[in-house]
>>> print(open('data-v9.txt').read())   # compact mmCIF, C-alpha atoms and all ligand atoms
# COMPACT_ATOMS: atom_id res chain seq x y z
CA MET A 1 0.00 0.00 0.00
CA LYS A 2 1.39 3.42 -0.98
CA THR A 3 2.27 5.63 1.97
CA LEU A 4 0.45 8.96 1.98
CA ARG A 5 2.62 11.81 3.32
CA PHE A 6 0.66 14.72 4.72
CA ALA A 7 2.24 18.02 5.83
CA CYS A 8 -0.01 19.21 8.66
CA ILE A 9 0.38 22.93 9.30
CA VAL A 10 0.04 24.89 12.53
CA GLY A 11 1.13 28.47 13.10
CA ALA A 12 -0.89 30.40 15.62
CA ARG A 13 -2.80 29.72 18.82
CA PRO A 14 -6.21 28.90 17.30
CA ASN A 15 -4.64 26.26 15.03
CA PHE A 16 -3.39 23.90 17.72
CA MET A 17 -6.77 22.75 19.03
CA LYS A 18 -7.89 22.02 15.47
CA MET A 19 -4.83 19.98 14.49
CA ALA A 20 -4.48 17.93 17.70
CA PRO A 21 -7.59 15.73 17.17
CA LEU A 22 -6.80 15.35 13.49
CA LEU A 23 -3.31 13.96 14.21
CA ARG A 24 -4.94 11.53 16.63
CA ALA A 25 -7.56 10.50 14.07
CA LEU A 26 -4.87 9.83 11.43
CA GLU A 27 -2.88 7.50 13.71
CA PRO A 28 -4.95 4.36 13.00
CA TYR A 29 -4.27 4.62 9.26
CA PRO A 30 -1.15 2.50 8.66
CA ASN A 31 -0.50 4.05 5.25
CA VAL A 32 -0.48 7.68 6.47
CA GLU A 33 2.62 9.58 7.56
CA ALA A 34 1.60 12.91 9.12
CA VAL A 35 4.46 15.43 9.33
CA LEU A 36 3.72 18.29 11.72
CA VAL A 37 4.99 21.67 10.52
CA HIS A 38 4.95 24.72 12.86
CA THR A 39 5.48 28.02 11.05
CA GLY A 40 6.35 29.82 14.30
CA GLN A 41 3.85 32.65 13.70
CA HIS A 42 3.15 32.37 17.43
CA TYR A 43 6.26 31.60 19.43
CA ASP A 44 5.57 32.74 23.02
CA LYS A 45 5.29 29.93 25.54
CA ASN A 46 1.77 31.08 26.44
CA LEU A 47 0.61 31.27 22.83
CA SER A 48 2.30 28.11 21.57
CA ASP A 49 4.31 25.64 23.74
CA VAL A 50 1.67 25.23 26.40
CA PHE A 51 -0.80 23.95 23.81
CA PHE A 52 1.51 21.17 22.68
CA ASP A 53 1.86 20.01 26.27
CA GLN A 54 -1.80 20.22 27.22
CA LEU A 55 -3.28 18.89 23.97
CA GLN A 56 -0.88 15.94 24.10
CA MET A 57 0.40 16.87 20.68
CA ARG A 58 3.87 15.76 19.68
CA ARG A 59 6.47 18.47 19.04
CA PRO A 60 6.68 19.74 15.44
CA ASP A 61 8.74 17.68 13.02
CA VAL A 62 9.59 20.88 11.13
CA SER A 63 9.81 24.43 12.58
CA LEU A 64 9.94 27.40 10.22
CA GLU A 65 10.46 29.99 12.99
CA VAL A 66 9.05 32.92 11.02
CA GLY A 67 8.08 35.02 14.09
CA SER A 68 6.23 38.34 14.01
CA GLY A 69 6.21 40.96 11.27
CA SER A 70 3.84 42.91 9.07
CA HIS A 71 1.31 40.77 7.22
CA ALA A 72 3.38 40.91 4.05
CA VAL A 73 6.63 40.07 5.81
CA GLN A 74 5.16 37.25 7.88
CA THR A 75 3.29 35.76 4.92
CA ALA A 76 6.32 36.03 2.63
CA ARG A 77 8.59 34.35 5.16
CA VAL A 78 6.19 31.42 5.51
CA ILE A 79 5.86 31.03 1.73
CA GLU A 80 9.61 31.10 1.24
CA ARG A 81 10.47 28.71 4.06
CA PHE A 82 7.63 26.27 3.43
CA GLU A 83 8.38 26.14 -0.28
CA ALA A 84 11.92 25.03 0.63
CA VAL A 85 10.48 22.22 2.79
CA LEU A 86 8.27 21.00 -0.06
CA VAL A 87 11.07 21.19 -2.62
CA GLU A 88 13.54 19.39 -0.36
CA ALA A 89 11.05 16.61 0.37
CA ALA A 90 10.49 16.09 -3.35
CA ALA A 91 14.23 16.13 -4.05
CA GLU A 92 14.75 13.45 -1.41
CA GLY A 93 12.17 11.27 -3.16
CA ARG A 94 9.65 11.68 -0.34
CA PRO A 95 7.25 14.30 -1.74
CA PHE A 96 4.20 15.33 0.18
CA ASP A 97 0.93 13.98 -1.18
CA ARG A 98 -1.08 16.69 0.51
CA VAL A 99 -0.82 19.75 2.72
CA VAL A 100 -3.46 20.06 5.44
CA VAL A 101 -4.21 23.57 6.72
CA VAL A 102 -6.68 24.73 9.37
CA GLY A 103 -8.42 28.01 10.14
CA ASP A 104 -7.70 31.45 8.72
CA VAL A 105 -4.40 32.79 10.02
CA ASN A 106 -1.56 34.10 7.86
CA SER A 107 0.20 30.73 8.08
CA THR A 108 -2.88 29.00 6.63
CA MET A 109 -2.92 31.15 3.50
CA ALA A 110 0.86 31.28 3.05
CA THR A 111 1.43 27.53 3.18
CA THR A 112 -1.52 26.99 0.84
CA LEU A 113 0.01 29.37 -1.70
CA ALA A 114 3.41 27.68 -1.54
CA ALA A 115 1.87 24.23 -1.99
CA ALA A 116 -0.60 25.06 -4.77
CA LYS A 117 2.16 26.64 -6.87
CA LEU A 118 4.14 23.40 -6.61
CA HIS A 119 1.02 21.34 -7.50
CA VAL A 120 0.81 19.79 -4.05
CA PRO A 121 -2.89 19.29 -3.21
CA VAL A 122 -4.22 21.25 -0.22
CA ALA A 123 -7.06 20.38 2.15
CA HIS A 124 -8.54 23.28 4.11
CA VAL A 125 -10.19 22.42 7.40
CA GLU A 126 -12.75 25.06 8.38
CA ALA A 127 -13.34 26.08 4.77
CA GLY A 128 -16.20 28.30 3.62
CA LEU A 129 -16.55 30.58 6.63
CA ARG A 130 -17.12 34.18 5.50
CA SER A 131 -17.63 37.39 7.46
CA PHE A 132 -18.01 39.34 4.17
CA ASP A 133 -15.77 41.95 5.78
CA ARG A 134 -12.62 42.34 3.71
CA THR A 135 -11.08 44.71 6.22
CA MET A 136 -10.38 41.62 8.36
CA PRO A 137 -7.05 40.00 7.48
CA GLU A 138 -8.59 36.62 8.26
CA GLU A 139 -11.28 37.13 5.59
CA ILE A 140 -8.61 37.65 2.94
CA ASN A 141 -6.84 34.53 4.21
CA ARG A 142 -10.08 32.50 3.99
CA ILE A 143 -10.94 33.64 0.47
CA VAL A 144 -7.45 33.03 -0.92
CA THR A 145 -7.05 29.67 0.82
CA ASP A 146 -10.41 28.33 -0.38
CA ALA A 147 -9.84 29.60 -3.91
CA ILE A 148 -6.74 27.45 -4.40
CA ALA A 149 -7.20 24.51 -2.01
CA ASP A 150 -8.74 21.51 -3.76
CA LEU A 151 -10.42 19.77 -0.80
CA LEU A 152 -12.71 21.94 1.31
CA LEU A 153 -13.71 20.53 4.69
CA VAL A 154 -16.59 22.50 6.12
CA SER A 155 -17.88 22.88 9.67
CA GLU A 156 -21.44 24.12 9.07
CA PRO A 157 -24.09 24.46 6.31
CA ASP A 158 -23.51 28.22 5.80
CA GLY A 159 -19.95 27.39 4.75
CA MET A 160 -21.23 24.94 2.10
CA GLU A 161 -23.53 27.63 0.71
CA ASN A 162 -20.74 30.21 0.57
CA LEU A 163 -18.45 27.84 -1.34
CA ARG A 164 -21.19 26.86 -3.81
CA ARG A 165 -21.89 30.55 -4.41
CA GLU A 166 -18.19 31.07 -5.12
CA GLY A 167 -18.39 28.40 -7.80
CA HIS A 168 -16.66 25.45 -6.14
CA ALA A 169 -17.50 22.04 -7.55
CA GLU A 170 -19.62 19.79 -5.36
CA GLU A 171 -16.96 17.04 -5.34
CA GLN A 172 -14.52 19.40 -3.60
CA LEU A 173 -16.84 19.92 -0.63
CA ARG A 174 -17.35 17.82 2.51
CA LEU A 175 -19.53 18.82 5.44
CA VAL A 176 -17.53 17.30 8.29
CA GLY A 177 -18.48 19.35 11.38
CA ASN A 178 -16.40 21.36 13.79
CA VAL A 179 -13.05 19.80 14.69
CA MET A 180 -12.23 22.35 17.39
CA ILE A 181 -15.22 21.04 19.30
CA ASP A 182 -13.64 17.55 19.26
CA THR A 183 -10.84 18.98 21.40
CA LEU A 184 -13.25 20.77 23.68
CA ARG A 185 -15.33 17.66 24.36
CA PHE A 186 -12.18 15.53 24.82
CA MET A 187 -10.55 17.98 27.24
CA LEU A 188 -13.53 19.21 29.25
CA PRO A 189 -13.38 16.59 32.05
CA LYS A 190 -9.67 17.30 32.57
CA ALA A 191 -10.21 21.07 32.42
CA ARG A 192 -12.85 20.86 35.14
CA GLN A 193 -10.20 19.39 37.47
CA CYS A 194 -7.92 22.43 37.11
CA GLY A 195 -7.68 24.69 40.14
CA THR A 196 -8.00 27.77 37.91
CA LEU A 197 -11.10 29.25 39.55
CA VAL A 198 -9.61 28.91 43.02
CA GLU A 199 -6.31 30.42 41.86
CA LEU A 200 -8.12 33.40 40.39
CA GLY A 201 -10.44 33.74 43.37
CA VAL A 202 -13.73 33.40 41.45
CA ALA A 203 -16.74 31.14 41.98
CA ALA A 204 -18.44 29.00 39.32
CA GLY A 205 -21.15 30.91 37.44
CA GLN A 206 -20.24 34.19 39.10
CA TYR A 207 -17.76 35.92 36.82
CA ALA A 208 -17.34 37.15 33.25
CA VAL A 209 -14.52 36.15 30.89
CA VAL A 210 -13.22 38.74 28.42
CA THR A 211 -10.84 38.37 25.48
CA LEU A 212 -10.12 41.18 23.01
CA HIS A 213 -7.30 41.17 20.46
CA ARG A 214 -8.64 42.23 17.05
CA PRO A 215 -7.03 45.36 15.60
CA ALA A 216 -10.52 46.86 15.01
CA ASN A 217 -11.17 46.80 18.76
CA VAL A 218 -7.82 47.36 20.35
CA ASP A 219 -5.78 49.52 17.98
CA SER A 220 -7.49 52.87 18.72
CA PRO A 221 -8.19 54.48 22.11
CA GLU A 222 -11.60 55.70 20.82
CA THR A 223 -12.74 52.08 20.49
CA LEU A 224 -10.82 50.33 23.24
CA GLY A 225 -11.47 53.02 25.89
CA PRO A 226 -15.31 52.86 25.95
CA LEU A 227 -15.30 49.03 25.83
CA LEU A 228 -12.96 48.91 28.82
CA ASP A 229 -15.12 51.50 30.63
CA VAL A 230 -18.14 49.17 30.41
CA LEU A 231 -16.09 46.21 31.60
CA VAL A 232 -14.60 48.17 34.49
CA ASP A 233 -18.13 49.27 35.56
CA VAL A 234 -19.51 45.74 35.34
CA SER A 235 -16.58 44.40 37.34
CA GLU A 236 -17.99 46.17 40.42
CA ARG A 237 -20.94 43.73 40.35
CA LEU A 238 -19.48 40.71 38.55
CA PRO A 239 -15.75 39.90 38.63
CA VAL A 240 -14.24 40.10 35.14
CA VAL A 241 -11.37 37.74 34.25
CA PHE A 242 -9.37 39.18 31.35
CA PRO A 243 -6.49 37.08 29.93
CA ILE A 244 -4.70 39.68 27.84
CA HIS A 245 -3.21 39.04 24.38
CA PRO A 246 0.24 40.66 23.93
CA ARG A 247 -1.12 43.11 21.32
CA THR A 248 -3.90 44.29 23.65
CA LEU A 249 -1.58 44.65 26.63
CA GLU A 250 0.73 46.86 24.58
CA ARG A 251 -2.21 49.06 23.45
CA ILE A 252 -3.64 49.39 26.98
CA LYS A 253 -0.28 50.68 28.17
CA ARG A 254 0.26 52.93 25.15
CA PHE A 255 -3.21 54.54 25.46
CA GLY A 256 -2.77 55.25 29.19
CA LEU A 257 -5.59 52.87 30.20
CA ALA A 258 -3.53 50.63 32.48
CA GLU A 259 -4.16 52.61 35.67
CA LYS A 260 -7.94 52.51 35.26
CA MET A 261 -7.83 48.75 34.75
CA LYS A 262 -5.57 48.25 37.75
CA ALA A 263 -7.76 50.40 40.02
CA ALA A 264 -10.88 48.30 39.29
CA LYS A 265 -11.02 45.76 42.12
CA GLY A 266 -13.17 43.23 40.25
CA MET A 267 -10.98 43.31 37.14
CA ILE A 268 -8.70 40.26 37.18
CA GLN A 269 -6.01 40.58 34.52
CA THR A 270 -3.91 37.56 33.59
CA ASP A 271 -1.41 36.54 30.92
CA PRO A 272 -2.87 34.45 28.09
CA LEU A 273 -3.88 31.12 29.66
CA GLY A 274 -3.21 27.54 28.63
CA TYR A 275 -5.96 25.56 26.90
CA LEU A 276 -7.06 23.67 30.01
CA GLU A 277 -7.04 26.69 32.33
CA PHE A 278 -8.95 28.75 29.79
CA LEU A 279 -11.53 26.01 29.24
CA ALA A 280 -11.94 25.63 33.00
CA LEU A 281 -12.69 29.32 33.07
CA THR A 282 -14.99 29.66 30.07
CA SER A 283 -16.98 26.53 30.84
CA GLN A 284 -18.02 27.87 34.25
CA ALA A 285 -18.47 31.57 33.41
CA LYS A 286 -21.71 33.52 33.65
CA VAL A 287 -20.99 35.35 30.40
CA ILE A 288 -18.23 35.70 27.82
CA VAL A 289 -17.31 38.92 26.02
CA THR A 290 -14.97 38.30 23.09
CA ASP A 291 -13.85 39.18 19.59
CA SER A 292 -12.42 35.68 19.03
CA GLY A 293 -13.97 33.47 16.36
CA GLY A 294 -13.22 30.21 18.13
CA LEU A 295 -14.65 31.33 21.42
CA GLN A 296 -18.01 32.09 19.78
CA GLU A 297 -18.10 28.41 18.85
CA GLU A 298 -16.83 27.08 22.16
CA SER A 299 -19.35 29.12 24.15
CA THR A 300 -22.06 27.69 21.86
CA VAL A 301 -21.23 24.15 22.94
CA LEU A 302 -20.67 25.16 26.56
CA ASP A 303 -24.05 26.95 26.68
CA ILE A 304 -22.54 30.14 28.07
CA PRO A 305 -23.94 33.46 26.73
CA CYS A 306 -21.44 35.08 24.35
CA LEU A 307 -21.45 38.80 23.58
CA THR A 308 -19.32 39.13 20.48
CA ALA A 309 -17.45 42.40 20.14
CA ARG A 310 -17.52 42.43 16.35
CA PRO A 311 -19.85 44.01 13.77
CA ASN A 312 -20.06 40.74 11.82
CA THR A 313 -19.06 37.12 12.12
CA GLU A 314 -17.86 34.36 9.83
CA ARG A 315 -19.69 32.03 12.17
CA PRO A 316 -23.31 33.21 11.67
CA ILE A 317 -24.58 29.84 12.89
CA THR A 318 -23.74 30.94 16.44
CA VAL A 319 -26.08 33.91 15.97
CA THR A 320 -28.90 31.97 14.26
CA GLN A 321 -28.69 29.25 16.92
CA GLY A 322 -28.98 32.05 19.48
CA THR A 323 -25.75 31.35 21.33
CA SER A 324 -23.95 34.59 20.47
CA THR A 325 -25.05 38.21 20.03
CA LEU A 326 -23.08 40.63 17.87
CA VAL A 327 -22.42 43.88 19.72
CA GLY A 328 -19.71 45.38 17.47
CA ASN A 329 -17.85 47.99 19.46
CA ASP A 330 -21.13 49.53 20.61
CA ALA A 331 -20.33 50.13 24.30
CA PRO A 332 -23.93 51.09 25.34
CA LEU A 333 -25.29 47.89 23.72
CA LEU A 334 -22.66 45.83 25.52
CA ARG A 335 -23.67 47.49 28.77
CA SER A 336 -27.38 46.75 28.28
CA LEU A 337 -26.80 43.10 27.27
CA LEU A 338 -24.55 42.55 30.29
CA GLU A 339 -27.40 43.99 32.36
CA GLU A 340 -29.75 41.36 30.85
CA VAL A 341 -27.27 38.63 31.75
CA LEU A 342 -27.03 39.92 35.31
CA ASN A 343 -30.85 40.08 35.55
CA GLU A 344 -31.15 36.54 34.14
CA THR A 345 -33.30 37.80 31.23
CA TYR A 346 -30.77 37.08 28.44
CA LYS A 347 -32.13 34.39 26.05
CA ARG A 348 -30.11 31.19 25.50
CA GLY A 349 -29.48 29.18 22.29
CA THR A 350 -28.82 25.62 21.07
CA CYS A 351 -25.86 23.62 19.64
CA PRO A 352 -25.56 23.01 15.85
CA GLU A 353 -25.46 19.53 14.31
CA LEU A 354 -22.12 17.78 13.67
CA TRP A 355 -20.43 19.62 16.54
CA ASP A 356 -20.38 16.22 18.16
CA GLY A 357 -16.73 15.50 18.93
CA HIS A 358 -16.20 13.26 15.86
CA ALA A 359 -15.30 15.74 13.11
CA ALA A 360 -11.64 14.66 13.07
CA GLU A 361 -12.57 11.09 12.16
CA ARG A 362 -14.68 12.33 9.24
CA ILE A 363 -11.83 14.63 8.14
CA ALA A 364 -9.23 11.85 8.35
CA GLN A 365 -11.35 9.62 6.15
CA SER A 366 -11.86 12.42 3.60
CA LEU A 367 -8.11 13.05 3.49
CA VAL A 368 -7.25 9.43 2.90
CA GLU A 369 -9.88 9.00 0.17
CA ALA A 370 -9.33 12.32 -1.64
CA PRO A 371 -7.94 12.03 -5.17
CA ASN A 372 -4.94 14.07 -6.30
CA PRO A 373 -6.42 16.69 -8.68
CA TYR A 374 -3.08 17.29 -10.38
CA SER A 375 -2.38 13.65 -11.27
CA SER A 376 -5.93 13.06 -12.55
CA ARG A 377 -5.59 16.14 -14.80
CA SER A 378 -2.35 14.96 -16.37
CA ALA A 379 -3.60 11.36 -16.69
C1 LIG A 401 -3.31 35.88 14.95
C2 LIG A 401 -4.31 35.62 13.82
C3 LIG A 401 -5.73 35.75 14.37
C4 LIG A 401 -5.94 34.90 15.59
C5 LIG A 401 -4.87 35.25 16.62
C6 LIG A 401 -5.01 34.41 17.89
C7 LIG A 401 -3.61 36.36 11.57
C8 LIG A 401 -3.85 37.37 10.53
N1 LIG A 401 -4.17 36.60 12.76
O1 LIG A 401 -3.47 37.23 15.34
O2 LIG A 401 -6.63 35.35 13.35
O3 LIG A 401 -7.23 35.13 16.11
O4 LIG A 401 -3.59 35.00 16.04
O5 LIG A 401 -4.15 34.83 18.89
O6 LIG A 401 -2.95 35.37 11.32
N2 LIG A 401 3.11 38.32 19.54
C9 LIG A 401 3.80 37.96 20.66
N3 LIG A 401 4.10 36.63 20.82
C10 LIG A 401 3.74 35.69 19.92
C11 LIG A 401 3.05 36.08 18.75
C12 LIG A 401 2.73 37.41 18.59
O7 LIG A 401 4.14 38.77 21.50
O8 LIG A 401 4.04 34.49 20.14
C13 LIG A 401 2.76 39.74 19.35
C14 LIG A 401 3.71 40.42 18.39
O9 LIG A 401 3.92 41.73 18.83
C15 LIG A 401 2.92 40.43 17.09
C16 LIG A 401 1.48 40.56 17.60
O10 LIG A 401 1.46 39.84 18.83
O11 LIG A 401 3.31 41.46 16.22
C17 LIG A 401 0.48 40.02 16.65
O12 LIG A 401 0.77 38.65 16.33
P1 LIG A 401 0.29 38.05 14.91
O13 LIG A 401 0.61 36.61 14.82
O14 LIG A 401 0.74 38.93 13.80
O15 LIG A 401 -1.29 38.21 14.96
P2 LIG A 401 -2.34 38.01 16.16
O16 LIG A 401 -2.88 39.34 16.50
O17 LIG A 401 -1.80 37.15 17.24
>>> encode(input="data-v9.txt", output="structure tokens", more="lines below")
Ligand code: UD1
Amino acid sequence: MKTLRFACIVGARPNFMKMAPLLRALEPYPNVEAVLVHTGQHYDKNLSDVFFDQLQMRRPDVSLEVGSGSHAVQTARVIERFEAVLVEAAAEGRPFDRVVVVGDVNSTMATTLAAAKLHVPVAHVEAGLRSFDRTMPEEINRIVTDAIADLLLVSEPDGMENLRREGHAEEQLRLVGNVMIDTLRFMLPKARQCGTLVELGVAAGQYAVVTLHRPANVDSPETLGPLLDVLVDVSERLPVVFPIHPRTLERIKRFGLAEKMKAAKGMIQTDPLGYLEFLALTSQAKVIVTDSGGLQEESTVLDIPCLTARPNTERPITVTQGTSTLVGNDAPLLRSLLEEVLNETYKRGTCPELWDGHAAERIAQSLVEAPNPYSSRSA
């Protein structure tokens, strides 16, 4: 039986929880060799190493160590360094049969570009999500990746519709469900045993969790200031746990907002947390305020109200299922919805289909069965 060599790509924090279950699901296939490639887009211990440990993921086989930079610089470095990996593998007589990318970060798009140009097939896990907001770097990454990947593995029906509208052939598409939820369901019992709540001094169901890192929210004081004002006010009645992304921490300091945050007694600031600690926290929160895409999905499964600090979402299913409400950066709306949560009048939602903890198995099967579009064309 021919061995299938897959290059499985991770780069930034939200990639790790999507790749971990997939590597596990590929293990039972004796003819698959999965090579784990880390681009190094995220390199801090808190944004990278801790996930390998907690998700029981083996260390990368290949590290590209691209680090931070402008979008162009970071993307270019990944393309250049990953192309070299693909070329070297082919020269050694062990070419990759497929590149597997997840999510929508710069590393996802860059590795897809390098592979497609060398006629290496690409599978995109979490294909088809669209915010229809091209000011978001992730939206550009999604559009480009889906346009040139040949196998599109989709988490929800909206994604299938988007890809059909963009003209993708039906045989490229697979509705496989949400692989990040596989990790959540697998890890939840372990997360619940973490002493995180005790360490932070909060009680189950009696605190809010906040994450903010998108440039649209944190890069200007006019936007970040009013959002933090609401959170500081709410923290007087409901403790607010705020694990702060490096970008946001830098902006808070630069805009002179650090003192106000520090003075608020109920505002509990932490470094970015590990997967287990963060899941312990989110799964027992009263409410989540976030601009993260993944957290909108996780809160959906955890049945915790999610107030999404974005004007739009590439995950509209969380809104139609009623598990997340878009508040943009409208501070008064955020204030009034937090009031509803505190008064227990906020309406709850339900979990979508195929977010069942078995997406990785469906993805693994699709990967193993997928034809190589380049060889069939030349045949
Ligand atoms: C990236 C993703 C975003 C994802 C987020 C999760 C893109 C376009 N964005 O955004 O979709 O939601 O990861 O965290 O790919 N930094 C560190 N240590 C690190 C990495 C970054 O301090 O390990 C700092 C650097 O100053 C860097 C900044 O954070 O310039 C931004 O990092 P970058 O990877 O460019 O984007 P994120 O904002 O993290």
>>> closest_residue(input="data-v9.txt", among="A:Gln54, A:Thr318, A:Thr75, A:Asn106", to="ligand LIG 401 (chain A)", atoms="only C-alpha atoms and all ligand atoms")
A:Asn106
>>> residues_near_ligand(input="data-v9.txt", ligand="ligand LIG 401 (chain A)", cutoff="9 Å", atoms="all atoms listed in the file", output="PyMOL selection string")
chain A and resi 11-15+40-48+67-71+74-75+103-109+136-141+213-215+245-248+250+291-294
>>> atom_distance(input="data-v9.txt", atom1="atom CA of Tyr374 of chain A", atom2="atom CA of His119 of chain A")
6.4 Å
>>> closest_residue(input="data-v9.txt", among="A:Val78, A:Leu153, A:Val100, A:Val202", to="Ala114 of chain A", atoms="all atoms listed in the file")
A:Val78
>>> atom_distance(input="data-v9.txt", atom1="atom CA of Tyr346 of chain A", atom2="atom CA of Leu231 of chain A")
17.6 Å
>>> axis_aligned_box(input="data-v9.txt", around="segment 88-104 of chain A", padding_each_side="3 Å", output="lines of an AutoDock Vina configuration file")
center_x = 3.2
center_y = 21.4
center_z = 3.0
size_x = 29.2
size_y = 26.2
size_z = 20.2
>>> residues_around(input="data-v9.txt", residues="Ala360 of chain A", least_positions_apart="6", cutoff="12 Å", atoms="all atoms listed in the file", output="VMD selection string")
chain A and resid 17 to 27 102 125 to 126 153 to 155 175 to 183 186 354 366 to 367
>>> closest_residue(input="data-v9.txt", among="A:Thr282, A:Thr3, A:Gln365, A:Thr135", to="Leu197 of chain A", atoms="all atoms listed in the file")
A:Thr282
>>> residues_around(input="data-v9.txt", residues="Arg5 of chain A", least_positions_apart="3", cutoff="10 Å", atoms="all atoms listed in the file", output="MDAnalysis selection string")
chainID A and resid 2 8 31:35 94:99
>>> write_last_selection(input="data-v9.txt", atoms="C-alpha atoms", output="tab-separated table (two decimals), in the coordinates of the input")
chain	number	residue	atom	x	y	z
A	2	LYS	CA	1.39	3.42	-0.98
A	8	CYS	CA	-0.01	19.21	8.66
A	31	ASN	CA	-0.50	4.05	5.25
A	32	VAL	CA	-0.48	7.68	6.47
A	33	GLU	CA	2.62	9.58	7.56
A	34	ALA	CA	1.60	12.91	9.12
A	35	VAL	CA	4.46	15.43	9.33
A	94	ARG	CA	9.65	11.68	-0.34
A	95	PRO	CA	7.25	14.30	-1.74
A	96	PHE	CA	4.20	15.33	0.18
A	97	ASP	CA	0.93	13.98	-1.18
A	98	ARG	CA	-1.08	16.69	0.51
A	99	VAL	CA	-0.82	19.75	2.72
>>> residues_around(input="data-v9.txt", residues="segment 115-118 of chain A", least_positions_apart="5", cutoff="12 Å", atoms="only C-alpha atoms", output="VMD selection string")
chain A and resid 6 to 9 78 to 90 95 to 101 108 to 110 123 144 to 151 372 to 374
>>> residues_around(input="data-v9.txt", residues="Gln193 of chain A", least_positions_apart="2", cutoff="10 Å", atoms="only C-alpha atoms", output="ChimeraX atom specification")
/A:188-191,195-196,276-277,280
>>> closest_residue(input="data-v9.txt", among="A:Val327, A:Val210, A:Ile363, A:Met261", to="Val289 of chain A", atoms="all atoms listed in the file")
A:Val210
>>> residues_around(input="data-v9.txt", residues="Asn329 of chain A", least_positions_apart="3", cutoff="7 Å", atoms="only C-alpha atoms", output="mmCIF file with C-alpha atoms, in the frame of the given file")
data_model
loop_
_atom_site.group_PDB
_atom_site.id
_atom_site.type_symbol
_atom_site.label_atom_id
_atom_site.label_comp_id
_atom_site.auth_asym_id
_atom_site.auth_seq_id
_atom_site.Cartn_x
_atom_site.Cartn_y
_atom_site.Cartn_z
ATOM 1 C CA ASN A 217 -11.170 46.800 18.760
ATOM 2 C CA THR A 223 -12.740 52.080 20.490
ATOM 3 C CA LEU A 227 -15.300 49.030 25.830
ATOM 4 C CA ALA A 309 -17.450 42.400 20.140
ATOM 5 C CA ARG A 310 -17.520 42.430 16.350
#
>>> closest_residue(input="data-v9.txt", among="A:Glu339, A:Glu156, A:Glu353, A:Glu314", to="Ser235 of chain A", atoms="all atoms listed in the file")
A:Glu339
>>> closest_residue(input="data-v9.txt", among="A:Leu200, A:Ala370, A:Cys351, A:Leu342", to="Gly322 of chain A", atoms="all atoms listed in the file")
A:Cys351
>>> atom_distance(input="data-v9.txt", atom1="atom CA of Glu222 of chain A", atom2="atom CA of Pro316 of chain A")
27.0 Å
